[in-house]
Amino acid sequence: MDHLISIKHLSKDEILDIVQLADKIEKNPSEYADAMKGKIMANLFFEPSTRTRLSFESAFLRMGGQILGFSDPAASSSKKGESISDTIRMASAYSDVIVMRHFLEGSGVVASKVASVPLISGGTGIQEHPTQALLDVFTIWKEFGRLDNLTVGLVGDLRYGRTIPSLLYALSKFENNRVFLYSPNQLRVRMSILSDIDGKLSYEVGEKLPDDLKEFDVLYVTRVQKERFPDEQMYERLKDFYVINPSVLETAREDMIVMHPLPRITEISYDVDELPQARYFQQAKNGVWARMAILYRMVR
Amino acid sequence: MDHLISIKHLSKDEILDIVQLADKIEKNPSEYADAMKGKIMANLFFEPSTRTRLSFESAFLRMGGQILGFSDPAASSSKKGESISDTIRMASAYSDVIVMRHFLEGSGVVASKVASVPLISGGTGIQEHPTQALLDVFTIWKEFGRLDNLTVGLVGDLRYGRTIPSLLYALSKFENNRVFLYSPNQLRVRMSILSDIDGKLSYEVGEKLPDDLKEFDVLYVTRVQKERFPDEQMYERLKDFYVINPSVLETAREDMIVMHPLPRITEISYDVDELPQARYFQQAKNGVWARMAILYRMVR
Amino acid sequence: MDHLISIKHLSKDEILDIVQLADKIEKNPSEYADAMKGKIMANLFFEPSTRTRLSFESAFLRMGGQILGFSDPAASSSKKGESISDTIRMASAYSDVIVMRHFLEGSGVVASKVASVPLISGGTGIQEHPTQALLDVFTIWKEFGRLDNLTVGLVGDLRYGRTIPSLLYALSKFENNRVFLYSPNQLRVRMSILSDIDGKLSYEVGEKLPDDLKEFDVLYVTRVQKERFPDEQMYERLKDFYVINPSVLETAREDMIVMHPLPRITEISYDVDELPQARYFQQAKNGVWARMAILYRMVR
């Protein structure tokens, strides 16, 4: 792996390798405490982020590395009109690895062409968020010991959230996974993505959550993202379309897990936090281990 | 101390312990140079700050720790609607100690309930700023060798500045302290705070500075905080209500000290900087030692 | 060197010393990996910057130091009305070296008067950018092995860019350098600067690039800086006044170098990047070595 800009570029074995390394690191983090000593990570966030940026920082710092960058494009040269390519060339000169978040589709590809150090997408466009997909499958693997033969429900805004396509692509690398895609009609998974996974991943599309959840291994909930809506009224109408609360989960198996990339607003009620199925905070924590594994594999 | 969200929760002995440890650290900082090695501090500043944030960072870095966080809420998930609780749970997963500044009253309590690592208030609401109070009493203690039997004048905006209640609560833990509270009538200490200290701390309220300052040990001046005023005109009328200049200080004893939490605007004239009583820059510097002591006690 | 606020204050020998040390560091960076261990750099950027800030950070981190500061004045006390002097006094208490960028002319002088640690200008006003000048002459020295007997063309906005006066002052310290100053008439080098270099540096002023570039050793191109223009229309009219493309460079010697402080917008076309003369990305990289040398000389 020279660069990590799409989960599509990873093979099943590469995904498993990251997952198993993350597990090894979580069990013995002190062994990796100096792995990035003397190394510098450049965090280039052209779009705000808390979780992704901070967990990358935590991961790199925990391996003894150092960090520079910007978390706010307003404080960067992009507002002076600099191209992504030029910014990446500059950052390559100042660092040993670059993490970039950018709102433009394709920005990861453009950036990786000129980066002279490993480049990792921290979310680009509305489609790619490979490290989120890796921490998601790491979370599933920890729970079930496998990444195949899983039944996964995805719920919420499946159209604008970049975590959804990345997770679907990851699950499609493994055998016999089934996904159920629940969203308001206006927020369905894009056709292009469905056609990408067609034949590799069995899927069903629906608007209404099933009355019985017992066949699900994973219920993956996403926020309706206000910032992606051109129309405030449409957001207001759809934001509470699904609210996962204890009564919705009554039929779920106790070993089913509820995941969420966070931040959550109202789509999972706070009393779910106490249920045995709640796994979203653990999932966020897994982001540190998964990103340590990714960085460890890519930076030497 | 699991968390530090209010000076009220500290006993007299705990305050003295911090003060004495700060003194020890100042005298021999190199002994603490690796105390936070491998540790990460999460700085969550939902409200801008320079002095508090930078002195916390300096303190933690000087003990060999590393830092992540945000200094601008616009670049955080709170603007996506995430609750304080969820942000704190996330930060707990990424760090070993959290410093939080937040504009909401009670945010410290909410945060401390879910934090799984030590949480320190870097200023919350209009009432709590415990680490400021600790560096203030450290500054006084260095000067007088005691925290009791002191006569302290507080001058300026005593209503909106969160340093004032915190300092009053700290002084009320010790014996025979007297405070004189000088402010424009519109900016008096809130009644609820006066009733809290009633019986523990002797106080007098007034609008006009006394002609003779010789009984004062400390003159603590605060800025009229423009950002707290709903009304620009009222701010303009009150901002220069007090201006401490050399002639105001003519009657002060040479060993009286002038303190200020900074930033100052016009309320202390620049020619006071050269007087023997000026102690506000030293006070800012003391913030590093006091915060090193606090972090050292809380993070292991 | 206690402070570095103007290239004017450096002698020819001091400039050569920095250049040679930068070269030594570039050839053997690991020897300097712990030079700033236990030291803290305060980055005070009252004006946005990417390249200068990040390359200073990279330089200090590569020598084992740590960093604090702000990259956005909105998150600092200056917006509460604090003076530069007070901010610098505060930062002196928290750090071992200060790098300051400020939009005000003379801010470097004001700051250096109260700084109790070494203070380095990271660009102040429209005139001073001493570390840029040092990395520029380092780049030239690497190429030609000398800083005298050079013919340098400067092209673009020579009025508002602070890199231009700093580079002219640097070149004027050495013998037999000639500069050709090409700009739209509205963006000529200010008279005060020409009168400063008069007699020390041979210069010619013009609007039209010469047809034949073969006598040039260096072509130094600058961006027309939108943010300095009071008038958007004037900016639109002037921004593409010069566009350096392969056909403009046809007559240039192969060992001529094209430099640019970056970011570039349209003033150098992207197909120049592949030509042997392109040196602007290398120049940006040289910023790290030059700033390591500067910090190494100033911080102990």
# chains A, B, ... in the order shown; residues from 1 in each chain; ligands from 1
>>> residues_around(residues="Leu295 (chain A)", least_positions_apart="6", cutoff="10 Å", atoms="only C-alpha atoms", output="count of residues only")
12
>>> select_by_dssp(residues="region 80-152 of chain C", states="alpha helix (DSSP H)", output="ChimeraX atom specification")
/C:84-94,107-114,130-144
>>> interface_residues(of="chain C", to="chain B", cutoff="12 Å", atoms="only C-alpha atoms", output="ChimeraX atom specification")
/C:37-44,64-96,114,116
>>> select_by_dssp(residues="region 126-296 of chain B", states="strand (DSSP E or B)", output="NGL selection string")
:B and (128 or 151-155 or 178-182 or 202-206 or 218-221 or 244 or 257-259 or 268 or 278)
>>> closest_residue(among="C:Phe138, C:Phe144, C:Phe46, C:Phe103", to="Lys24 (chain C)", atoms="only C-alpha atoms")
C:Phe138
>>> residues_around(residues="Val152 (chain A)", least_positions_apart="6", cutoff="6 Å", atoms="only C-alpha atoms", output="PyMOL selection string")
chain A and resi 179+216-219
>>> atom_distance(atom1="CA of Gly161 (chain A)", atom2="CA of Gln132 (chain A)")
11.4 Å
>>> closest_residue(among="A:Glu267, A:Asp148, A:Glu31, A:Asp212", to="Val243 (chain A)", atoms="only C-alpha atoms")
A:Glu267
>>> closest_residue(among="A:Ile98, A:Ala133, A:Val205, A:Leu275", to="Asn245 (chain A)", atoms="only C-alpha atoms")
A:Leu275
>>> closest_residue(among="B:Val117, B:Met256, B:Val248, B:Leu171", to="Leu16 (chain B)", atoms="only C-alpha atoms")
B:Leu171
>>> residues_around(residues="region 229-232 of chain B", least_positions_apart="5", cutoff="12 Å", atoms="only C-alpha atoms", output="list of chain:residue names")
B:Asp157, B:Arg159, B:Tyr160, B:Gly161, B:Gln186, B:Leu187, B:Val224, B:Arg237, B:Leu238, B:Lys239
>>> write_last_selection(atoms="N, CA and C atoms", output="JSON list (two decimals), in the first residue's frame")
[["chain", "number", "residue", "atom", "x", "y", "z"],
["B", 157, "ASP", "N", -15.20, 44.17, 36.41],
["B", 157, "ASP", "CA", -16.42, 43.44, 36.11],
["B", 157, "ASP", "C", -16.45, 42.20, 37.01],
["B", 159, "ARG", "N", -19.19, 40.57, 37.71],
["B", 159, "ARG", "CA", -20.42, 39.85, 37.43],
["B", 159, "ARG", "C", -20.23, 38.76, 36.39],
["B", 160, "TYR", "N", -19.56, 39.11, 35.29],
["B", 160, "TYR", "CA", -19.48, 38.18, 34.15],
["B", 160, "TYR", "C", -18.18, 37.37, 34.11],
["B", 161, "GLY", "N", -17.16, 37.86, 34.80],
["B", 161, "GLY", "CA", -15.87, 37.16, 34.74],
["B", 161, "GLY", "C", -15.90, 35.91, 35.61],
["B", 186, "GLN", "N", -23.86, 47.91, 37.90],
["B", 186, "GLN", "CA", -24.40, 46.93, 36.96],
["B", 186, "GLN", "C", -23.56, 45.66, 36.88],
["B", 187, "LEU", "N", -22.34, 45.71, 37.42],
["B", 187, "LEU", "CA", -21.44, 44.57, 37.25],
["B", 187, "LEU", "C", -21.02, 43.97, 38.59],
["B", 224, "VAL", "N", -13.46, 44.42, 31.78],
["B", 224, "VAL", "CA", -14.87, 44.41, 31.43],
["B", 224, "VAL", "C", -14.97, 43.67, 30.09],
["B", 237, "ARG", "N", -19.77, 52.41, 27.97],
["B", 237, "ARG", "CA", -19.91, 53.29, 29.14],
["B", 237, "ARG", "C", -19.11, 52.75, 30.33],
["B", 238, "LEU", "N", -18.99, 51.44, 30.42],
["B", 238, "LEU", "CA", -18.41, 50.85, 31.63],
["B", 238, "LEU", "C", -16.96, 50.41, 31.48],
["B", 239, "LYS", "N", -16.48, 50.30, 30.26],
["B", 239, "LYS", "CA", -15.17, 49.65, 30.09],
["B", 239, "LYS", "C", -14.03, 50.41, 30.77]]
>>> residues_around(residues="Leu249 (chain C)", least_positions_apart="6", cutoff="9 Å", atoms="only C-alpha atoms", output="MDAnalysis selection string")
chainID C and resid 212:213 272 277
